[in-house]
Each structure stands twice: as C-alpha cells, then as structure tokens.
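upload_3.txt, holding compact mmCIF, C-alpha atoms:
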```
# COMPACT_ATOMS: atom_id res chain seq x y z
CA MET A 104 60.04 -32.03 -20.37
CA ILE A 105 57.49 -30.02 -18.37
CA ASP A 106 53.94 -31.37 -18.53
CA ILE A 107 51.43 -29.91 -16.06
CA LYS A 108 47.68 -30.36 -16.51
CA LEU A 109 44.96 -29.16 -14.14
CA GLU A 110 41.23 -29.17 -14.90
CA ASN A 111 38.03 -28.42 -13.02
CA VAL A 112 35.16 -28.11 -15.46
CA GLU A 113 32.39 -27.55 -12.93
CA HIS A 114 33.83 -25.07 -10.41
CA GLY A 115 37.13 -23.86 -11.87
CA LEU A 116 40.58 -23.99 -10.31
CA ASP A 117 41.23 -21.99 -7.16
CA HIS A 118 44.09 -19.61 -6.44
CA ALA A 119 46.05 -22.12 -4.38
CA GLN A 120 45.99 -24.70 -7.18
CA LEU A 121 47.09 -22.05 -9.66
CA LYS A 122 49.96 -20.87 -7.48
CA ASP A 123 51.15 -24.43 -6.78
CA ALA A 124 51.21 -25.21 -10.51
CA ILE A 125 53.26 -22.09 -11.24
CA TYR A 126 55.80 -22.94 -8.51
CA LYS A 127 55.98 -26.48 -9.89
CA SER A 128 56.64 -25.21 -13.43
CA LEU A 129 59.62 -23.15 -12.25
CA ASN A 130 61.00 -25.99 -10.15
CA GLU A 131 60.75 -28.40 -13.09
CA TRP A 132 62.43 -25.88 -15.40
CA GLY A 133 65.50 -26.64 -13.33
CA LYS A 134 68.10 -24.05 -14.16
CA GLU A 135 67.76 -20.85 -12.12
CA PRO A 136 67.05 -18.04 -14.63
CA LYS A 137 68.90 -14.74 -14.57
CA LYS A 138 66.53 -12.82 -16.84
CA VAL A 139 62.92 -13.74 -17.66
CA LEU A 140 60.46 -12.42 -20.22
CA LEU A 141 56.75 -12.88 -19.54
CA ILE A 142 54.49 -12.67 -22.63
CA PRO A 143 50.82 -12.37 -21.62
CA PRO A 144 48.00 -11.21 -23.88
CA ASP A 145 46.85 -7.58 -23.73
CA PHE A 146 43.73 -6.13 -22.12
CA THR A 147 41.52 -7.26 -25.00
CA ARG A 148 41.90 -10.77 -23.55
CA SER A 149 41.43 -9.82 -19.94
CA HIS A 150 39.12 -12.84 -19.37
CA SER A 151 42.01 -15.23 -20.02
CA CYS A 152 43.20 -15.27 -16.36
CA ALA A 153 46.59 -14.32 -17.81
CA GLY A 154 46.70 -11.21 -15.64
CA ILE A 155 46.77 -13.09 -12.34
CA ILE A 156 49.14 -15.73 -13.77
CA THR A 157 51.57 -13.05 -14.92
CA SER A 158 51.38 -11.40 -11.51
CA ILE A 159 52.14 -14.66 -9.69
CA TYR A 160 55.14 -15.41 -11.90
CA TYR A 161 56.41 -11.87 -11.38
CA TYR A 162 56.22 -12.01 -7.59
CA ILE A 163 57.90 -15.40 -7.43
CA LEU A 164 60.74 -14.30 -9.72
CA LYS A 165 61.27 -10.61 -8.95
CA ASP A 166 63.75 -11.14 -6.09
CA ARG A 167 65.59 -13.92 -7.90
CA CYS A 168 66.21 -12.39 -11.32
CA GLU A 169 65.33 -9.54 -13.69
CA VAL A 170 61.78 -9.76 -15.07
CA ASN A 171 60.32 -8.01 -18.14
CA ILE A 172 56.71 -8.20 -19.30
CA MET A 173 55.88 -7.73 -22.98
CA PRO A 174 52.16 -8.10 -23.81
CA ALA A 175 51.55 -9.87 -27.12
CA LEU A 176 49.94 -6.88 -28.79
CA GLY A 177 50.12 -8.01 -32.41
CA THR A 178 48.69 -5.02 -34.28
CA HIS A 179 46.73 -3.75 -31.24
CA MET A 180 47.39 -0.38 -29.65
CA PRO A 181 49.69 -0.39 -26.58
CA MET A 182 48.05 -0.88 -23.21
CA SER A 183 47.32 2.22 -21.17
CA ASP A 184 48.46 2.51 -17.56
CA LYS A 185 44.83 2.07 -16.53
CA GLU A 186 44.56 -1.18 -18.50
CA VAL A 187 47.87 -2.46 -17.12
CA THR A 188 46.67 -1.84 -13.57
CA ALA A 189 43.25 -3.40 -14.22
CA MET A 190 44.76 -6.56 -15.69
CA PHE A 191 47.99 -7.09 -13.74
CA GLY A 192 47.44 -5.13 -10.52
CA ASP A 193 49.03 -1.91 -9.33
CA ASP A 194 52.13 -3.35 -7.63
CA ILE A 195 54.21 -4.30 -10.67
CA PRO A 196 56.42 -1.34 -11.65
CA LYS A 197 55.47 0.12 -15.01
CA SER A 198 59.18 0.05 -15.88
CA CYS A 199 58.91 -3.74 -16.18
CA PHE A 200 56.58 -3.46 -19.18
CA ILE A 201 57.79 -3.37 -22.79
CA ASP A 202 55.60 -2.49 -25.78
CA HIS A 203 55.80 -4.82 -28.77
CA ARG A 204 56.14 -2.58 -31.84
CA TRP A 205 55.16 -4.79 -34.77
CA ARG A 206 56.55 -2.44 -37.40
CA GLU A 207 59.91 -1.62 -35.79
CA ASP A 208 61.18 -4.18 -33.23
CA ILE A 209 61.37 -7.07 -35.68
CA VAL A 210 63.92 -9.56 -36.94
CA LYS A 211 63.42 -12.03 -39.80
CA LEU A 212 64.29 -15.63 -38.93
CA GLY A 213 63.59 -17.20 -42.33
CA GLU A 214 60.53 -18.07 -44.39
CA VAL A 215 57.87 -20.71 -44.74
CA PRO A 216 58.27 -21.87 -48.38
CA GLY A 217 55.66 -21.13 -51.01
CA ALA A 218 55.36 -24.84 -51.79
CA PHE A 219 54.39 -25.49 -48.17
CA ILE A 220 51.83 -22.67 -48.28
CA SER A 221 50.37 -24.09 -51.49
CA ASP A 222 50.10 -27.53 -49.94
CA VAL A 223 48.32 -26.45 -46.74
CA SER A 224 46.02 -24.00 -48.57
CA GLU A 225 44.97 -26.57 -51.19
CA GLY A 226 46.56 -24.42 -53.89
CA LEU A 227 44.76 -21.19 -52.99
CA LEU A 228 48.02 -19.36 -52.16
CA ASP A 229 51.63 -20.11 -53.01
CA ARG A 230 53.58 -17.09 -51.72
CA PRO A 231 56.19 -17.73 -49.02
CA ILE A 232 55.65 -16.13 -45.62
CA ASP A 233 58.51 -14.36 -43.86
CA VAL A 234 58.89 -15.51 -40.26
CA GLU A 235 59.36 -12.35 -38.19
CA VAL A 236 59.35 -11.99 -34.42
CA ASN A 237 60.27 -9.37 -31.86
CA LYS A 238 64.05 -9.22 -31.71
CA ARG A 239 64.03 -9.70 -27.93
CA LEU A 240 62.81 -13.28 -28.31
CA VAL A 241 65.95 -14.39 -30.13
CA SER A 242 68.52 -11.96 -28.74
CA GLY A 243 69.79 -14.48 -26.21
CA GLU A 244 69.31 -12.04 -23.33
CA TYR A 245 66.56 -14.15 -21.72
CA ASP A 246 67.20 -17.63 -20.39
CA LEU A 247 63.47 -18.21 -19.80
CA ILE A 248 60.56 -16.89 -21.89
CA ILE A 249 57.08 -17.68 -20.55
CA SER A 250 54.21 -17.30 -23.04
CA ILE A 251 50.87 -17.02 -21.24
CA GLY A 252 47.44 -17.04 -22.83
CA GLN A 253 44.00 -18.47 -23.46
CA VAL A 254 43.06 -21.24 -25.87
CA VAL A 255 39.69 -20.38 -27.43
CA PRO A 256 38.15 -20.61 -30.92
CA HIS A 257 39.76 -18.04 -33.21
CA GLU A 258 38.96 -16.61 -36.65
CA VAL A 259 42.52 -16.54 -38.08
CA VAL A 260 44.19 -19.66 -36.73
CA GLY A 261 41.28 -21.90 -35.66
CA MET A 262 42.16 -22.15 -31.96
CA ALA A 263 44.01 -19.25 -30.35
CA ASN A 264 47.31 -19.15 -28.53
CA TYR A 265 50.31 -21.48 -28.18
CA SER A 266 52.78 -20.41 -30.89
CA LYS A 267 50.32 -17.78 -32.21
CA ASN A 268 51.26 -15.72 -29.14
CA ILE A 269 54.84 -15.69 -30.44
CA PHE A 270 54.52 -15.41 -34.22
CA VAL A 271 51.45 -13.15 -34.40
CA GLY A 272 51.21 -11.56 -30.96
CA CYS A 273 54.95 -10.79 -31.07
CA GLY A 274 55.27 -10.97 -34.85
CA GLY A 275 56.10 -8.54 -37.63
CA ARG A 276 54.06 -7.21 -40.53
CA HIS A 277 54.92 -9.92 -43.07
CA MET A 278 54.15 -12.75 -40.65
CA ILE A 279 50.91 -11.13 -39.50
CA ASP A 280 49.85 -10.29 -43.06
CA GLY A 281 50.72 -13.72 -44.44
CA THR A 282 48.90 -15.73 -41.80
CA HIS A 283 45.83 -13.50 -41.79
CA ILE A 284 45.32 -13.56 -45.55
CA LEU A 285 45.94 -17.32 -45.64
CA GLY A 286 43.16 -17.88 -43.12
CA ALA A 287 40.79 -15.45 -44.85
CA VAL A 288 41.30 -16.98 -48.29
CA TYR A 289 40.95 -20.52 -46.97
CA GLY A 290 37.70 -19.57 -45.20
CA LEU A 291 36.67 -18.81 -41.61
CA GLU A 292 34.02 -21.51 -41.51
CA ARG A 293 36.60 -24.15 -42.40
CA MET A 294 38.91 -23.08 -39.58
CA MET A 295 37.22 -21.67 -36.49
CA GLY A 296 37.18 -24.09 -33.57
CA ARG A 297 39.64 -26.50 -35.20
CA ASP A 298 43.25 -27.30 -34.35
CA SER A 299 44.78 -28.53 -37.61
CA THR A 300 44.25 -25.55 -39.94
CA PRO A 301 46.48 -24.08 -42.66
CA VAL A 302 47.55 -21.20 -40.41
CA ARG A 303 48.30 -23.50 -37.47
CA LYS A 304 50.41 -25.69 -39.77
CA VAL A 305 52.40 -22.60 -40.80
CA LEU A 306 52.98 -21.72 -37.14
CA ASP A 307 54.00 -25.30 -36.35
CA TYR A 308 56.49 -25.18 -39.23
CA ALA A 309 57.92 -21.90 -37.99
CA GLN A 310 58.24 -23.18 -34.43
CA GLU A 311 60.02 -26.36 -35.51
CA HIS A 312 62.40 -24.70 -37.96
CA PHE A 313 63.19 -21.34 -36.36
CA ILE A 314 62.65 -21.18 -32.58
CA SER A 315 63.22 -24.73 -31.34
CA SER A 316 66.27 -23.54 -29.38
CA VAL A 317 64.49 -20.60 -27.71
CA PRO A 318 64.01 -21.28 -23.92
CA LEU A 319 60.23 -21.11 -24.22
CA LEU A 320 57.59 -22.31 -21.77
CA TYR A 321 53.86 -22.18 -22.58
CA VAL A 322 51.20 -21.51 -19.94
CA LEU A 323 47.77 -22.03 -21.50
CA THR A 324 44.33 -21.48 -19.99
CA VAL A 325 40.76 -22.44 -20.82
CA THR A 326 38.12 -20.23 -19.22
CA THR A 327 34.37 -19.73 -19.10
CA GLN A 328 32.08 -17.18 -17.50
CA GLY A 329 29.39 -17.95 -14.99
CA GLU A 330 27.28 -15.50 -13.01
CA GLY A 331 29.52 -12.62 -14.07
CA GLN A 332 32.73 -14.31 -12.98
CA THR A 333 35.53 -15.83 -15.02
CA LEU A 334 36.26 -19.47 -14.18
CA LEU A 335 39.67 -20.97 -14.88
CA ASN A 336 38.57 -24.43 -16.01
CA GLY A 337 41.88 -25.65 -17.37
CA LEU A 338 45.57 -24.87 -16.89
CA TYR A 339 48.28 -26.45 -19.04
CA ILE A 340 51.99 -25.74 -18.66
CA GLY A 341 54.64 -27.28 -20.89
CA ASN A 342 56.99 -26.91 -23.82
CA SER A 343 55.51 -29.37 -26.30
CA ARG A 344 52.55 -29.33 -28.66
CA LYS A 345 50.78 -31.84 -26.41
CA THR A 346 50.25 -29.00 -23.92
CA PHE A 347 48.33 -27.07 -26.58
CA GLU A 348 46.35 -30.11 -27.75
CA ARG A 349 45.09 -30.78 -24.24
CA ALA A 350 43.89 -27.20 -23.92
CA VAL A 351 42.22 -27.41 -27.34
CA ALA A 352 40.29 -30.51 -26.28
CA LEU A 353 38.81 -28.77 -23.23
CA SER A 354 38.11 -25.52 -25.06
CA GLN A 355 36.24 -27.39 -27.76
CA ARG A 356 34.08 -28.89 -25.00
CA LEU A 357 33.44 -25.65 -23.12
CA ASN A 358 33.75 -22.77 -25.60
CA LEU A 359 31.78 -24.11 -28.57
CA THR A 360 28.02 -23.74 -28.51
CA PHE A 361 26.20 -25.77 -31.16
CA VAL A 362 22.66 -24.80 -32.06
CA ASP A 363 20.02 -27.05 -33.59
CA GLU A 364 18.74 -24.33 -35.90
CA PRO A 365 20.27 -21.01 -36.99
CA PHE A 366 19.42 -17.76 -35.20
CA ASN A 367 17.24 -15.16 -36.91
CA LYS A 368 18.35 -12.30 -34.64
CA VAL A 369 21.45 -12.10 -32.48
CA VAL A 370 22.34 -9.24 -30.12
CA VAL A 371 25.95 -9.04 -28.92
CA TYR A 372 27.30 -6.74 -26.22
CA LEU A 373 30.87 -5.41 -26.39
CA ASP A 374 32.39 -4.37 -23.07
CA GLU A 375 33.09 -0.63 -23.14
CA ASP A 376 36.61 -0.90 -21.71
CA GLU A 377 37.69 -3.86 -23.83
CA PHE A 378 36.37 -3.05 -27.31
CA LYS A 379 37.24 0.38 -28.69
CA SER A 380 37.48 -0.45 -32.41
CA THR A 381 35.66 -2.58 -34.96
CA TRP A 382 39.05 -4.28 -35.50
CA LEU A 383 38.39 -5.90 -32.12
CA GLY A 384 34.62 -5.56 -31.95
CA ASN A 385 34.09 -7.65 -35.05
CA LYS A 386 34.56 -10.69 -32.85
CA ALA A 387 30.81 -10.28 -32.63
CA VAL A 388 30.71 -11.10 -36.35
CA TYR A 389 33.37 -13.83 -36.49
CA ARG A 390 32.16 -15.84 -33.55
CA THR A 391 28.45 -15.85 -34.51
CA ARG A 392 28.49 -16.03 -38.31
CA MET A 393 28.16 -19.83 -38.39
CA ALA A 394 25.05 -19.63 -36.20
CA ILE A 395 23.09 -16.88 -37.98
CA ALA A 396 20.46 -17.74 -40.58
CA ASP A 397 20.64 -16.44 -44.12
CA GLY A 398 18.61 -13.25 -44.10
CA GLY A 399 19.10 -12.94 -40.35
CA GLU A 400 20.22 -9.94 -38.31
CA LEU A 401 23.18 -9.20 -36.03
CA ILE A 402 22.97 -6.17 -33.73
CA ILE A 403 26.17 -5.17 -31.94
CA LEU A 404 25.87 -2.99 -28.82
CA ALA A 405 29.21 -1.16 -28.84
CA PRO A 406 29.37 1.63 -26.25
CA GLY A 407 33.18 1.88 -26.37
CA VAL A 408 33.77 1.63 -30.14
CA ARG A 409 35.17 4.93 -31.37
CA GLN A 410 37.30 3.96 -34.38
CA PHE A 411 37.75 1.21 -36.95
CA GLY A 412 41.45 0.33 -36.84
CA GLU A 413 43.84 0.04 -33.92
CA ASP A 414 46.16 2.63 -35.46
CA MET A 415 45.69 5.53 -37.88
CA GLU A 416 46.90 3.73 -41.02
CA ILE A 417 44.72 0.66 -40.47
CA ASP A 418 41.79 2.91 -39.61
CA ARG A 419 42.33 4.83 -42.88
CA LEU A 420 42.31 1.64 -44.95
CA ILE A 421 39.13 0.31 -43.33
CA ARG A 422 37.39 3.64 -43.97
CA LYS A 423 38.62 3.64 -47.57
CA TYR A 424 37.49 0.14 -48.55
CA GLY A 425 34.87 -0.98 -46.03
CA TYR A 426 33.66 -4.46 -45.18
CA LEU A 427 32.72 -5.94 -48.55
CA GLY A 428 33.11 -9.71 -48.34
CA ARG A 429 35.61 -12.26 -49.59
CA ASP A 430 35.29 -12.04 -53.38
CA LYS A 431 35.20 -8.24 -53.58
CA VAL A 432 38.09 -7.81 -51.16
CA LEU A 433 40.26 -10.32 -53.04
CA LYS A 434 39.57 -8.42 -56.27
CA MET A 435 40.52 -5.12 -54.60
CA LEU A 436 43.61 -6.76 -53.13
CA SER A 437 44.91 -7.57 -56.60
CA GLU A 438 44.26 -4.02 -57.82
CA ASN A 439 45.43 -1.81 -54.93
CA GLU A 440 48.99 -1.51 -53.68
CA ASP A 441 48.02 -0.17 -50.24
CA LEU A 442 45.97 -3.31 -49.56
CA MET A 443 48.65 -5.57 -51.01
CA THR A 444 51.14 -4.19 -48.50
CA SER A 445 48.60 -4.47 -45.63
CA GLN A 446 47.14 -7.91 -46.17
CA SER A 447 46.06 -8.33 -42.56
CA VAL A 448 43.69 -5.42 -43.20
CA ALA A 449 42.35 -7.12 -46.33
CA ALA A 450 41.81 -10.27 -44.27
CA HIS A 451 40.00 -8.25 -41.61
CA LEU A 452 37.68 -6.74 -44.23
CA ILE A 453 36.75 -10.29 -45.22
CA HIS A 454 36.31 -11.43 -41.62
CA GLY A 455 34.08 -8.47 -40.74
CA SER A 456 31.59 -9.05 -43.54
CA SER A 457 28.71 -11.51 -43.63
CA ASP A 458 29.27 -11.97 -47.39
CA GLY A 459 25.71 -10.74 -47.84
CA ARG A 460 24.20 -13.56 -45.77
CA PHE A 461 22.85 -11.43 -42.91
CA SER A 462 22.75 -7.77 -41.90
CA ILE A 463 25.18 -6.27 -39.37
CA THR A 464 24.10 -3.24 -37.31
CA TYR A 465 26.49 -1.34 -35.05
CA ALA A 466 24.82 0.54 -32.19
CA VAL A 467 27.36 3.20 -31.18
CA GLN A 468 27.71 6.56 -29.47
CA HIS A 469 31.18 7.71 -30.62
CA LEU A 470 30.87 7.21 -34.40
CA SER A 471 28.39 8.90 -36.73
CA LYS A 472 25.78 7.31 -38.96
CA GLU A 473 27.83 8.37 -41.99
CA GLU A 474 30.98 6.72 -40.62
CA ILE A 475 29.27 3.43 -39.83
CA GLU A 476 27.42 3.25 -43.13
CA GLY A 477 30.62 4.29 -44.91
CA VAL A 478 32.19 0.93 -44.06
CA ASN A 479 29.01 -0.95 -45.08
CA PHE A 480 27.44 -1.62 -41.70
CA LYS A 481 23.97 -0.50 -40.65
CA TYR A 482 23.78 2.20 -37.97
CA MET A 483 21.74 2.49 -34.80
CA ALA A 484 22.12 5.08 -32.07
CA LEU A 485 23.20 3.37 -28.86
CA ASP A 486 20.56 5.00 -26.64
CA GLU A 487 17.87 3.88 -29.09
CA ALA A 488 19.24 0.33 -29.07
CA TYR A 489 19.33 0.23 -25.26
CA LYS A 490 15.61 1.02 -25.10
CA LYS A 491 14.87 -2.34 -26.70
CA TYR A 492 18.03 -4.35 -25.97
CA ASN A 493 19.08 -3.43 -22.43
CA PRO A 494 22.18 -5.51 -21.58
CA ARG A 495 21.40 -5.20 -17.86
CA LYS A 496 18.10 -7.03 -18.35
CA LEU A 497 19.08 -9.59 -21.00
CA LYS A 498 20.41 -13.02 -20.14
CA ASP A 499 22.81 -15.05 -22.26
CA GLY A 500 20.84 -17.24 -24.64
CA TYR A 501 17.29 -16.84 -25.92
CA ASN A 502 15.21 -13.86 -24.74
CA THR A 503 11.62 -12.97 -25.61
CA LEU A 504 11.16 -9.20 -25.54
CA LYS A 505 8.05 -7.25 -24.54
CA ASP A 506 7.01 -6.85 -28.18
CA GLY A 507 7.29 -10.61 -28.72
CA ASP A 508 10.57 -10.36 -30.62
CA VAL A 509 12.83 -13.36 -29.95
CA ILE A 510 16.58 -12.74 -29.85
CA TYR A 511 19.69 -14.70 -28.92
CA TYR A 512 21.89 -12.63 -26.61
CA ILE A 513 25.67 -12.94 -26.11
CA SER A 514 27.32 -10.85 -23.40
CA ASN A 515 30.93 -11.56 -24.44
CA PRO A 516 31.74 -12.90 -27.93
CA ALA A 517 35.44 -13.27 -27.08
CA LEU A 518 34.79 -16.33 -24.90
CA GLY A 519 33.40 -18.71 -27.47
CA LEU A 520 32.09 -19.75 -30.85
CA TRP A 521 28.46 -20.32 -31.79
CA ALA A 522 27.68 -22.58 -34.74
CA ASP A 523 24.84 -24.32 -36.49
CA LYS A 524 25.84 -27.99 -36.45
CA SER A 525 25.35 -28.20 -40.20
CA ARG A 526 28.00 -25.50 -40.76
CA PHE A 527 30.68 -27.08 -38.56
```
The structure in this file should be written as structure tokens.
Amino acid sequence: MIDIKLENVEHGLDHAQLKDAIYKSLNEWGKEPKKVLLIPPDFTRSHSCAGIITSIYYYILKDRCEVNIMPALGTHMPMSDKEVTAMFGDDIPKSCFIDHRWREDIVKLGEVPGAFISDVSEGLLDRPIDVEVNKRLVSGEYDLIISIGQVVPHEVVGMANYSKNIFVGCGGRHMIDGTHILGAVYGLERMMGRDSTPVRKVLDYAQEHFISSVPLLYVLTVTTQGEGQTLLNGLYIGNSRKTFERAVALSQRLNLTFVDEPFNKVVVYLDEDEFKSTWLGNKAVYRTRMAIADGGELIILAPGVRQFGEDMEIDRLIRKYGYLGRDKVLKMLSENEDLMTSQSVAAHLIHGSSDGRFSITYAVQHLSKEEIEGVNFKYMALDEAYKKYNPRKLKDGYNTLKDGDVIYYISNPALGLWADKSRF
C-alpha cells in the first residue's frame, strides 16, 4: 500500500520535495513497469501543478519503459499543441499524447443499479448508470496507470478528482450524463465542497465493483494562488480512498471562502487562454452562487469566451434551450429527446443558471449581444466592462471603485468555492 503525504500550507512544497515524492512512489510501487499511462487533467486545470508532475514522471520513466499521456478531457475539446507545450513543456514528444474520445473510445464495464441510485439520491432518480471508461484503462496493456489531478470544490461531484478523473475525465457518454444529471437534480448547494455526495458514492461503487484490479495509482494535489503564483500546498500519492480524504481535508481548509454576509455584486475574471466556452466559464456561476445575495449581480469578464459548448453538438443544444434553471430544464428534459440523450447538457443548463436569484452578465468580445441574450444571460461589451472593472487594477476580495460602487472580485473561480455560511 502506497501512502505518501506532504503538506506546506504557508509556503508550498518546493521542486525537490515534489521530485523526491515521485521517486518514492515509483520505488514503493515495486514491480518495474513495462508500459505506463499518465492521466493528467487538461489545460483547463493548468493551476493544478499536474503539468510539472506529469513531466517529472515522464522523465523518470521514459528510458525505462514506454510512456503514454492521456489527458482526462471528459467532454472538453482536445488540447492544442500550444496548450500541451504550455502545460507540460516542449520536450515531451507529441507522439506520447493520446486524446480521450468520450463518444468513441469507450467500453462498458457494468452498471450502478437503479436501486442504489434511488438510495443515494433520496428517491429523486432511480435509473441505473452505465459504467463506461476509455478502453485503454482496462485493456491490460498498461501495468501502471497514474491518475494525476487537483482536489478542489466541484459542482458535479462535490470535491473534484480521485476516481472522477477515471470515470468522468476518461468516461463515456452514459457515465458522464448519469453522474451530471444526478448531481444537478440533487442540488449544487447540497454538494459543492463536500466529500460524501450522491455522485461520489456512485464513483466509489464503480471503483469498488469494476476497476479494483486495475493497476492504478492516484497523485492528488491541493493548490492555492498567492501573488500571481500557484502554490502546491498538498501532495498525496496512494491507491486507497484515504489518499483522497486527506486531500479533501486540506482543500476544504484552503479552497473554501466563507463570507459573513452575501455579496451584492461579484466580478469574476476568466483567463483568456483557459476559458473559451461558457461550458467552462460558468465556473464563475457555480463557485459563487452560494455567496451571492438574492437580487444580486454577477459580472463575468470573459475575453476568451467564443462559444457555448466544447463541441458543435453541445453548443447547438445550449443555444437551443438556454440557461433556464432547475425546474424548467427538468420539464424540458422530460419532453425533448435530444436533451434526454444528452443529460450532461441538461445538467449544465441547470448549473449555469441562478434559478432567478441573481443576474448573470457576460462581458465578451467574440460573441454578439443576440447570442448572449439568446441563452438567457445579460450582455456587456468587454471594452465597456474593462473601463469600470479593470482586472489589472482590481485585487481579489472587496474593492471600492471610483464611483463608490463596492464589488467582490475573483481572479480565478477554478481555484475555490465562495459561500455564505448560512447556505453551507
């Protein structure tokens, strides 16, 4: 049993500590691998420190065995060469990288029974969920699979990573749809920032029943940002759930911001290179919704957002239905076949709405006013927004503007969760 834990809350772990831990994990694995698969997150989670971890593992292993790298894309678009270089460096051959194709490269391992789904969802859903993963994970060709990623509050599962990297990041349509709609129906506010959620219980069931024999090692990080730099505050390497639980405990300490009273106006900045769609950019909605007052306002500065979905079909469905809130989306789900067969989209339409509690304004430069308003957001031209909300001048937290307006500013919504204590 591998069980490595390193933490430095104040200053973060240094490169030497990181490298030593990675060497130790391979030594404790014991058997010399012949073929290894590394599963990091994609560029949308570039602040996870998974890029440098993947690179270290690659350079240690490359002369000892064959190494493949398959980013856990889920439904995201494949990484570009530019993104691969930015995240993993320019020395790893591009031929090492494999795209996870969530519609094609899939094998079904079994199903999570409807009775189990009913039990964990408190009777809200009772349909079984097919357990589907990328066929490479269970082909037997790899004698070591290393899943790398960040534990942080998450809108679908409660706390990201661990087996989510396998079953969602490397999962198929039915698994992705089933877990997403389960979380959306159960309720974001009941799940975000928590470990034991209905979706996590489904993933635990799937891990125990279907992949217990897979040679899988988890490398989990907890990170924060300070003065523009990402700090690796926690590193956990192991092959048991205890590894995940330790990371959860630190992330709950560092990545949850509780506020004494709800915010009236929140401004969130989305990095231009990281966020190109509302499918990803709506982290600004998910991660702040428990902190915004009823009747409040969320303004999202989105210089890179140019589409709604990560592929053409998802984009089409978001444009067709828009962000309408839980009750309306569930009604449409029961009446429309295209949503019924794309339940992760239905879940996303729920996640991206405030359910009428507060307004959501997207400040963009690549989408028109008609397009933004067509999916039920408010529109603001980006250059107009920058005149009042200049991200170069704002600091994270409360800011008082020249006109006396008080806002709460967040420079990266992907790194945390903000919540009014009364809603958590």
Just give me the gap between CA of Pro365 in chain A and CA of Val254 in chain A in Å, one decimal is fine.
->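 It comes out at 25.4 Å.
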Non-local contacts of range 164-172 of chain A (7 Å; only C-alpha atoms; under 3 positions in same chain excluded) as a ChimeraX atom specification = /A:136-142,160-161,199-201
List every protein, DNA or RNA residue with an atom no more than 7 Å from (41.9, -2.7, -18.9) in the file's coordinates, counting only C-alpha atoms, and format the result as a list in words.
-> Phe146, Lys185, Glu186, Val187, Ala189, Met190, Asp376 and Glu377 of chain A
For Lys505 in chain A, please output as a PyMOL selection string all residues within 12 Å (counting only C-alpha atoms; exclusion window: fewer than 6 positions along the same chain).
-> chain A and resi 490-493+496-497
Any idea what the distance is between CA of Leu319 in chain A and CA of Ile248 in chain A?
-> 4.8 Å
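With distances restricted to only C-alpha atoms, A:Ile395 is the closest residue to Val362 in chain A from A:Gly459, A:Ser447, A:Ile395, A:Leu504.
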Could you name the residues that touch range 345-352 of chain A at 10 Å or less, counting only C-alpha atoms, but leaving out those on the same chain fewer than 4 positions away, as a PyMOL selection string?
-> chain A and resi 105-108+110+253-256+262-266+296-298+321-325+336-341+356-358
Quick one: distance from CA of His277 in chain A to CA of Gly213 in chain A in Å, one decimal?
->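 Atom-to-atom, CA of His277 in chain A to CA of Gly213 in chain A, that is 11.3 Å.
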